[in-house]
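Q: Mind looking over this structure? Questions follow.
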Amino acid sequence: MTTTITPVRLRCEYLDNPSGIDTTQPRLSWQLEATTPGQRSLKQTAYQILVSSSESGLAQGQGDLWDSGKVSSRQSSHIVYAGSVLTSGQQYWWQVRVWDARDEASDFSASASWEMGLLNDGDWQSKWIGLQSSMPAYDAIDVEPMQKLPGLQSSPYLRTIATLPRAVRKARLYVTAKGVYEVHINGQRVGDAYFAPGWTDYQRRIQYQTYDVTAQLQQGENSVAAILGTGWYAGHVGFWIDGNGNNYQHYGSAPRLLLQMQIEYTDGSSQTIISDENWQGALGPIVYSDFLAGETYDARHELAGWDQPTFQADDRWQPVLVEERDAAVRLVAEPAQPIRVTQTLTPQAVTEVSPGVFIYDMGQNMVGWVRLQVAGEAGTRVQLRFVEMLNPDGTIYTTNLRSARQTDTYILKGQGQEIFEPHFTFHGFRYVEISGYPGQPTLETLTGMVAHSDTPPTGSFECSNPMVNQLQKNIVWGQRGNFISVPTDCPQRDERLGWMGDAQIFVRTACYNMDVAAFFTKWMRDVVDAQAPDGGFPGVAPRIVVKVNGAPAWGDAGIIVPWTIYQMYGDTRILEEHYEAMARWLAYLHEANPDLLWKNKRNNDYGDWLSIDADTPKELLGTAYFGYDALLMSRIAHALGRDEDEEKYQRLFKGISEAFTRAYVDEEGYISGGTQTCYVVALQMQLLPEHLRPLAARHLVKEIEKKNGHLSTGFVGVGYLCPVLTNSGYSEVAYQLLNNDTFPSWGYSIKHGATTIWERWDGWTTDKGFQDPGMNSFNHYSLGSVGQWLFQYVAGISTDQQRPGYQHIQLRPYPGDDLTYVKAEFMSIHGRIASAWQKEGGAQTFTVTIPANTTATIALPATSDTQILEGGVPAEEADGVTFVQEEEERMLFELGSGTYSFRLRAS
């Protein structure tokens, strides 16, 4: 008898075959698939993991490093490695087999692997290198005069020759930078990552990357070379308030490289190549490359063959500056996916707006850059400017960029067809203005290169309303463009900071759209690195520019984000790792506010940021988040088995709830301030006594009615608005808000051409045009937090708080009267979940897919009088279906894994 399930998609620490991790107890996960299509109620009853020091040994069934034996367990995610001690640079091969409900064992899975990075500080022999300070600045390069901006630097080109005496068996490159880097070996670029090593607090931790460069090396002479950019380390990041350039060099004054290559030869010997005094450096064609300013590249100054071993260096190449490593700064392996180009876009149109000035419409507000193809005389200067919107006369709208320039300049070398892509800059844009182009540009002249942290897509949502489908696309594009090493607020103007308030309200939506577990694992370390000694979490992480502690709804991300990752992925380690930091934050709030109302230490209190004609009292909002923090901390303590803390935080939550009600709520459920957000947070955060909840919900609906059926919530209230309405029995009001296309609404921006989520509801209106350009981004994801409601309520896909990570799935769809169908999918850590519903005459069909080794509760909108068939038979008689109970206008069934189709018709 063969088993009914087989393990697939093996991952380590959320990653596929990761190279260079430094987690000494890595967690292993897999998914399960049915061996025969159509099988139901499949589950794992046991597993066995083998870990071997070689792939050949694993093929022979040898787990010389760890053989878990047969472990009776349904767990298929976050299995902690418990074998021999892991060592630096070692690659580990693993596979798993499972037993099903009949105690039949599967075959072992295909093999997967992980490789350790450099685990000990003593493993690093390299030194930081860069250009000598005596090297000429960019304004000494022979280019046409340009406006000089403070802090712009030419990119250093660095190289050395490594002589390898024997054939190479294995070679690993460990590399990082203070700044950003691009490494070349023997004329080939290493890897496909951009802006590595990523943004961290460089004074506390710097990430490094690991690359397998075995195939790029040769016996004999090898060129190891690199280009550096200022990036987040020494470039412009944040508010460029004045001409003094006070938003650059937050961490250091010039970029540096740290590189180490470990080589093993076929005869068993080894060699280490390091960055040290044996390297040379020179300036090249990158006049400057800056995140906010853009890049100027003078191809006439290219260093032909500079990254080849045969290159003969001239007197432009000088010995590098060498600096010792600072032991106080930790070198850590990058735990998340790097930034990559994930797709390309072809322009939709090109228009000549004035002689020699052309504007390209990419058809999509995107983040990245363009690839330029051009041919012309040497010295020809082509300028590219990037914007999100156009003025009424068709010219580019730049005022909302503030002092960010978003300008790339390419100076031709005059040698036939030339191709330019910038190295160390990115832009937020839909439109590209090109000037100085020799000849007539065509649609093939530019190609849009879409770049972001390469978090794998996991969710899809579609319905019968094209506007809502566009909304979902806009949400995804907003996430794609703002998840660049950290969750930024916007990708275009002089800011691009890791705002905590934006992240916490959007994190659940983000988890549906993409696998962001590793991304937020990394960012939460940035958050905790930025925690103040008094326990205050920051307002932005990493903490630059905005130096004060986080305001209500901003600092609270330090608790809300880990809790959400736990709920969506079943990850207790993120709770354990940051538990003390979360406890310090709550103690910081409690100490400052002993009367349990958040009156003190609200810092830059933003309130319900960018709400529309609604003034939510900031103290009330803060107190609501104070209570929510305590509630979540009680749940976190429960998840970690900290019983005393659970009781402590539950008492604190109860005290805050009572203080909130006394201070802000009357006996009829009216809440001080009376805004939609007042009611939303009180209900969402469970601060009201049970008897006041329906009253407050009704007041919320009345407030919406007062706004002529429109929302007034800002960043804070918007994400909870539709869920609270739906939970309170007013799903039809939530649908009304979703379907609105008059101001203010999601549909209003879409009706006027939005392809991403705008920062403000009134970013552009027909009667007023553009809003205040001092703060008017057209690519912010915060107001897109409604995406959570689309997946969790409209499609009905949700996790079970008591069994997180979709081990048990809650399916509770809320069909809207104006939609004829909805279909959504979500690739959970356990596998693919699908939920679809359709209306056909007087009947409704609900089709769901539950992955193997999970269960689900489906709550169908029906009563005992409704005819419910599954597969043509009464639902309670269907295979894999168990009736649970009847709720108010809901019939609940327990489901095993498999695909089910329920047909409902009134009797």
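The chains in the structure tokens are called A, B, ... from first to last as shown; in each chain the residues are counted from 1, and the ligands are counted from 1 in the order shown.
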Which residues are near segment 258-269 of chain A? Cut-off 8 Å, only C-alpha atoms, ignore same chain within fewer than 3 positions. Put them as a list in words.
A: Trp124, Gln125, Ser126, Lys127, Trp128, Ile129, Arg166, Ala167, Val168, Arg169, Lys170, Ala171, Arg172, Leu173, Tyr174, Val175, Thr176, Ala177, Thr272, Ile273, Ile274 and Ser275 of chain A
Q: Limited to C-alpha atoms, could you put the picked residues into a file as a compact mmCIF listing (two decimals), in the first residue's frame?
A:
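Written out: result-v4.txt:
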```
# COMPACT_ATOMS: atom_id res chain seq x y z
CA TRP A 124 36.78 37.24 9.06
CA GLN A 125 40.31 38.07 7.96
CA SER A 126 39.37 40.93 5.64
CA LYS A 127 39.79 44.65 6.13
CA TRP A 128 37.61 47.52 5.01
CA ILE A 129 38.96 49.19 1.88
CA ARG A 166 45.26 24.59 -8.76
CA ALA A 167 41.83 23.56 -10.00
CA VAL A 168 39.02 24.83 -7.81
CA ARG A 169 36.53 22.45 -6.20
CA LYS A 170 34.48 25.01 -4.26
CA ALA A 171 34.62 28.77 -3.83
CA ARG A 172 32.44 31.05 -1.73
CA LEU A 173 32.46 34.82 -1.77
CA TYR A 174 31.46 36.64 1.44
CA VAL A 175 31.02 40.34 0.80
CA THR A 176 29.48 43.45 2.24
CA ALA A 177 29.88 47.20 2.12
CA THR A 272 41.60 32.79 1.27
CA ILE A 273 41.41 35.99 -0.78
CA ILE A 274 40.64 39.12 1.24
CA SER A 275 40.18 42.83 0.81
```
Q: From the DSSP assignment of the backbone, select every residue of segment 332-459 of chain A that is strand (DSSP E or B), and format the answer as a PyMOL selection string.
A: chain A and resi 332-333+339-345+349-354+357-374+381-387+389-390+396-397+407-411+418-420+427-435+446-453+457+459
Q: Give me the residues within 12 Å of Glu888 of chain A as an MDAnalysis selection string, counting only C-alpha atoms and dropping any in the same chain fewer than 3 places off.
A: chainID A and resid 729 859:864 885 891:892
Q: Next, dump the selected residues to file, keeping only N, CA and C atoms, as an mmCIF file, in the first residue's frame.
A:
```cif
data_model
loop_
_atom_site.group_PDB
_atom_site.id
_atom_site.type_symbol
_atom_site.label_atom_id
_atom_site.label_comp_id
_atom_site.auth_asym_id
_atom_site.auth_seq_id
_atom_site.Cartn_x
_atom_site.Cartn_y
_atom_site.Cartn_z
ATOM 1 N N GLY A 729 -21.759 43.205 11.853
ATOM 2 C CA GLY A 729 -23.013 42.928 11.163
ATOM 3 C C GLY A 729 -23.379 43.920 10.089
ATOM 4 N N ALA A 859 -17.703 28.551 7.409
ATOM 5 C CA ALA A 859 -18.948 29.117 7.921
ATOM 6 C C ALA A 859 -19.739 29.643 6.727
ATOM 7 N N LEU A 860 -20.687 28.849 6.261
ATOM 8 C CA LEU A 860 -21.450 29.209 5.067
ATOM 9 C C LEU A 860 -22.615 30.115 5.440
ATOM 10 N N PRO A 861 -22.889 31.139 4.641
ATOM 11 C CA PRO A 861 -24.007 32.042 4.929
ATOM 12 C C PRO A 861 -25.331 31.344 4.627
ATOM 13 N N ALA A 862 -25.825 30.592 5.611
ATOM 14 C CA ALA A 862 -27.017 29.778 5.408
ATOM 15 C C ALA A 862 -27.658 29.494 6.761
ATOM 16 N N THR A 863 -28.846 28.906 6.729
ATOM 17 C CA THR A 863 -29.540 28.463 7.937
ATOM 18 C C THR A 863 -29.914 26.997 7.761
ATOM 19 N N SER A 864 -30.518 26.436 8.780
ATOM 20 C CA SER A 864 -30.912 25.028 8.706
ATOM 21 C C SER A 864 -31.971 24.787 7.645
ATOM 22 N N GLN A 885 -22.017 23.148 13.807
ATOM 23 C CA GLN A 885 -23.108 23.813 14.524
ATOM 24 C C GLN A 885 -23.711 24.878 13.632
ATOM 25 N N MET A 891 -23.940 28.300 8.828
ATOM 26 C CA MET A 891 -23.840 26.871 9.075
ATOM 27 C C MET A 891 -22.361 26.507 9.018
ATOM 28 N N LEU A 892 -21.871 25.904 10.102
ATOM 29 C CA LEU A 892 -20.437 25.618 10.218
ATOM 30 C C LEU A 892 -20.162 24.137 9.979
#
```
Q: Go through A:Ala754, A:Val237, A:Ala639, A:Ala375 and flag the residue nearest Gln440 of chain A, using only C-alpha atoms for the distances.
A: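 Counting only C-alpha atoms, the residue closest to Gln440 of chain A is A:Ala375.
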Q: Mind giving me the straight-line distance from atom CA of Lys707 of chain A to atom CA of Tyr664 of chain A in Å, one decimal?
A: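 Result for atom CA of Lys707 of chain A versus atom CA of Tyr664 of chain A: 22.3 Å, one decimal.
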Q: From the set A:Thr455, A:Leu32, A:Tyr92, A:Ile833, which residue has the shortest atom-to-atom contact distance to Gly57 of chain A, counting only C-alpha atoms?
A: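 Counting only C-alpha atoms, the residue closest to Gly57 of chain A is A:Tyr92.
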Q: Quick one: everything within 9 Å of Arg832 of chain A, counting only C-alpha atoms, minus sequence neighbours fewer than 2 positions away in the same chain. Send it as a CSV table (one decimal) with N, CA and C atoms, in the first residue's frame.
A:
```csv
chain,number,residue,atom,x,y,z
A,458,THR,N,2.3,35.4,-3.1
A,458,THR,CA,1.6,34.3,-2.4
A,458,THR,C,0.0,34.4,-2.6
A,825,GLU,N,-6.7,33.1,-3.9
A,825,GLU,CA,-5.8,32.1,-3.5
A,825,GLU,C,-4.8,32.6,-2.6
A,826,PHE,N,-4.3,31.8,-1.7
A,826,PHE,CA,-3.2,32.2,-0.8
A,826,PHE,C,-2.3,31.0,-0.5
A,827,MET,N,-1.0,31.2,-0.8
A,827,MET,CA,0.0,30.1,-0.6
A,827,MET,C,0.5,30.3,0.8
A,828,SER,N,-0.1,29.5,1.7
A,828,SER,CA,0.3,29.6,3.1
A,828,SER,C,1.6,28.8,3.3
A,829,ILE,N,2.1,28.8,4.5
A,829,ILE,CA,3.3,28.0,4.8
A,829,ILE,C,3.0,26.5,4.7
A,830,HIS,N,1.7,26.1,4.7
A,830,HIS,CA,1.4,24.7,4.6
A,830,HIS,C,0.9,24.3,3.2
A,834,ALA,N,-7.5,28.0,-1.4
A,834,ALA,CA,-8.3,28.7,-2.4
A,834,ALA,C,-9.7,28.9,-1.8
A,849,THR,N,-10.3,25.1,-1.4
A,849,THR,CA,-9.3,24.1,-1.4
A,849,THR,C,-8.5,24.2,-0.1
A,850,ILE,N,-8.3,23.1,0.6
A,850,ILE,CA,-7.6,23.1,1.8
A,850,ILE,C,-6.3,22.2,1.6
A,851,PRO,N,-5.1,22.7,2.0
A,851,PRO,CA,-3.9,21.9,1.7
A,851,PRO,C,-3.8,20.7,2.6
```
Q: To test your reading of the structure, identify every residue in segment 482-705 of chain A that backbone DSSP assigns to alpha helix (DSSP H), and report it as a PyMOL selection string.
A: chain A and resi 482+500-513+517-529+557-569+573-592+618-639+643-664+676-684+693-705
Q: Please, could you write that set of residues out with C-alpha atoms as a CSV table (one decimal), in the first residue's frame?
A:
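So the final result, stored in selection.csv, reads:
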```
chain,number,residue,atom,x,y,z
A,482,ASN,CA,7.9,50.2,-1.1
A,500,MET,CA,6.5,52.1,11.6
A,501,GLY,CA,2.9,53.3,11.5
A,502,ASP,CA,2.6,52.5,7.8
A,503,ALA,CA,4.1,49.0,8.4
A,504,GLN,CA,1.9,48.0,11.2
A,505,ILE,CA,-1.4,48.8,9.6
A,506,PHE,CA,-0.4,47.1,6.3
A,507,VAL,CA,1.5,44.1,7.6
A,508,ARG,CA,-1.5,41.7,7.4
A,509,THR,CA,-2.3,42.7,3.9
A,510,ALA,CA,1.4,42.4,3.0
A,511,CYS,CA,1.4,38.8,4.3
A,512,TYR,CA,-1.5,37.8,1.9
A,513,ASN,CA,0.1,39.3,-1.1
A,517,ALA,CA,8.2,36.3,6.7
A,518,ALA,CA,11.9,36.6,6.1
A,519,PHE,CA,11.5,40.3,5.1
A,520,PHE,CA,9.9,41.2,8.5
A,521,THR,CA,12.3,38.9,10.4
A,522,LYS,CA,15.0,41.2,9.1
A,523,TRP,CA,13.2,44.4,9.7
A,524,MET,CA,12.1,43.6,13.2
A,525,ARG,CA,15.8,43.4,14.0
A,526,ASP,CA,16.1,47.0,12.6
A,527,VAL,CA,13.3,48.0,14.9
A,528,VAL,CA,14.9,46.5,18.0
A,529,ASP,CA,18.3,47.9,17.1
A,557,ALA,CA,4.5,48.3,15.3
A,558,GLY,CA,7.1,46.7,17.6
A,559,ILE,CA,4.4,44.5,19.0
A,560,ILE,CA,1.8,44.3,16.2
A,561,VAL,CA,4.3,43.2,13.5
A,562,PRO,CA,5.7,40.2,15.4
A,563,TRP,CA,2.2,39.2,16.5
A,564,THR,CA,1.0,39.3,12.9
A,565,ILE,CA,3.9,37.3,11.6
A,566,TYR,CA,3.2,34.7,14.3
A,567,GLN,CA,-0.5,34.5,13.3
A,568,MET,CA,0.2,34.3,9.5
A,569,TYR,CA,3.2,31.9,9.7
A,573,ARG,CA,10.8,32.5,17.2
A,574,ILE,CA,10.1,36.1,16.2
A,575,LEU,CA,8.1,36.4,19.4
A,576,GLU,CA,10.8,34.8,21.5
A,577,GLU,CA,13.6,36.9,19.9
A,578,HIS,CA,11.9,40.2,20.6
A,579,TYR,CA,9.8,39.4,23.7
A,580,GLU,CA,12.0,41.5,26.1
A,581,ALA,CA,12.0,44.4,23.7
A,582,MET,CA,8.2,44.3,23.4
A,583,ALA,CA,8.0,44.1,27.2
A,584,ARG,CA,10.3,47.1,27.6
A,585,TRP,CA,8.0,49.1,25.2
A,586,LEU,CA,4.9,48.4,27.2
A,587,ALA,CA,6.7,49.1,30.5
A,588,TYR,CA,7.9,52.5,28.9
A,589,LEU,CA,4.2,53.4,28.2
A,590,HIS,CA,2.9,52.2,31.6
A,591,GLU,CA,5.6,54.1,33.6
A,592,ALA,CA,4.8,57.3,31.7
A,618,LYS,CA,-4.9,61.9,19.8
A,619,GLU,CA,-5.0,60.9,23.5
A,620,LEU,CA,-7.9,58.6,22.8
A,621,LEU,CA,-6.1,57.0,19.8
A,622,GLY,CA,-3.0,56.6,21.9
A,623,THR,CA,-4.9,55.0,24.8
A,624,ALA,CA,-6.6,52.6,22.3
A,625,TYR,CA,-3.2,51.4,21.1
A,626,PHE,CA,-1.8,51.2,24.6
A,627,GLY,CA,-4.7,48.8,25.4
A,628,TYR,CA,-4.1,46.9,22.2
A,629,ASP,CA,-0.4,46.4,23.0
A,630,ALA,CA,-1.4,45.0,26.4
A,631,LEU,CA,-4.0,42.7,24.8
A,632,LEU,CA,-1.5,41.4,22.3
A,633,MET,CA,1.2,41.0,24.9
A,634,SER,CA,-1.1,38.8,26.9
A,635,ARG,CA,-1.7,36.6,23.8
A,636,ILE,CA,2.0,36.6,23.0
A,637,ALA,CA,2.8,35.5,26.6
A,638,HIS,CA,0.2,32.7,26.2
A,639,ALA,CA,1.8,31.5,23.0
A,643,ASP,CA,1.6,32.2,32.3
A,644,GLU,CA,2.5,34.9,34.9
A,645,ASP,CA,3.1,37.4,32.2
A,646,GLU,CA,-0.1,36.5,30.5
A,647,GLU,CA,-2.1,37.2,33.6
A,648,LYS,CA,-0.1,40.4,34.2
A,649,TYR,CA,-0.8,41.8,30.8
A,650,GLN,CA,-4.4,40.7,30.8
A,651,ARG,CA,-4.9,42.7,34.0
A,652,LEU,CA,-3.2,45.7,32.4
A,653,PHE,CA,-5.5,45.4,29.4
A,654,LYS,CA,-8.5,45.2,31.6
A,655,GLY,CA,-7.4,48.3,33.5
A,656,ILE,CA,-6.8,50.3,30.3
A,657,SER,CA,-10.1,49.2,28.8
A,658,GLU,CA,-11.9,50.4,31.9
A,659,ALA,CA,-10.0,53.7,31.9
A,660,PHE,CA,-10.8,54.2,28.2
A,661,THR,CA,-14.5,53.6,28.8
A,662,ARG,CA,-14.6,56.0,31.8
A,663,ALA,CA,-12.7,58.7,30.0
A,664,TYR,CA,-14.2,58.6,26.5
A,676,GLN,CA,-15.2,56.9,12.4
A,677,THR,CA,-11.7,56.1,13.6
A,678,CYS,CA,-12.8,56.6,17.3
A,679,TYR,CA,-15.4,53.9,16.9
A,680,VAL,CA,-13.2,51.7,14.8
A,681,VAL,CA,-10.3,51.5,17.2
A,682,ALA,CA,-12.5,51.0,20.2
A,683,LEU,CA,-14.2,48.1,18.6
A,684,GLN,CA,-11.2,46.6,16.9
A,693,ARG,CA,-20.3,47.2,21.3
A,694,PRO,CA,-23.5,47.1,19.2
A,695,LEU,CA,-24.3,50.7,20.2
A,696,ALA,CA,-20.9,51.9,19.2
A,697,ALA,CA,-21.1,50.0,15.9
A,698,ARG,CA,-24.4,51.7,15.1
A,699,HIS,CA,-22.8,55.1,15.8
A,700,LEU,CA,-20.0,54.2,13.5
A,701,VAL,CA,-22.5,53.5,10.7
A,702,LYS,CA,-24.3,56.8,11.4
A,703,GLU,CA,-21.0,58.6,11.1
A,704,ILE,CA,-20.5,57.1,7.7
A,705,GLU,CA,-24.1,58.1,6.8
```
Q: Hey, can you check how far atom CA of Gly717 of chain A sits from atom CA of Asp608 of chain A?
A: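 Between atom CA of Gly717 of chain A and atom CA of Asp608 of chain A the gap works out to 6.6 Å.
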Q: For atom CA of Trp114 of chain A and atom CA of Asp212 of chain A, determine how far apart the two atoms are, in Å to one decimal place.
A: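 Atom-to-atom, atom CA of Trp114 of chain A to atom CA of Asp212 of chain A, that is 12.4 Å.
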Q: Kindly indicate which residue among A:Ser749, A:Gln62, A:Gln470, A:Ser782 lies nearest to Pro487 of chain A, using only C-alpha atoms for the distances.
A: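 Between A:Ser749, A:Gln62, A:Gln470, A:Ser782, the residue approaching Pro487 of chain A most closely is A:Ser782.
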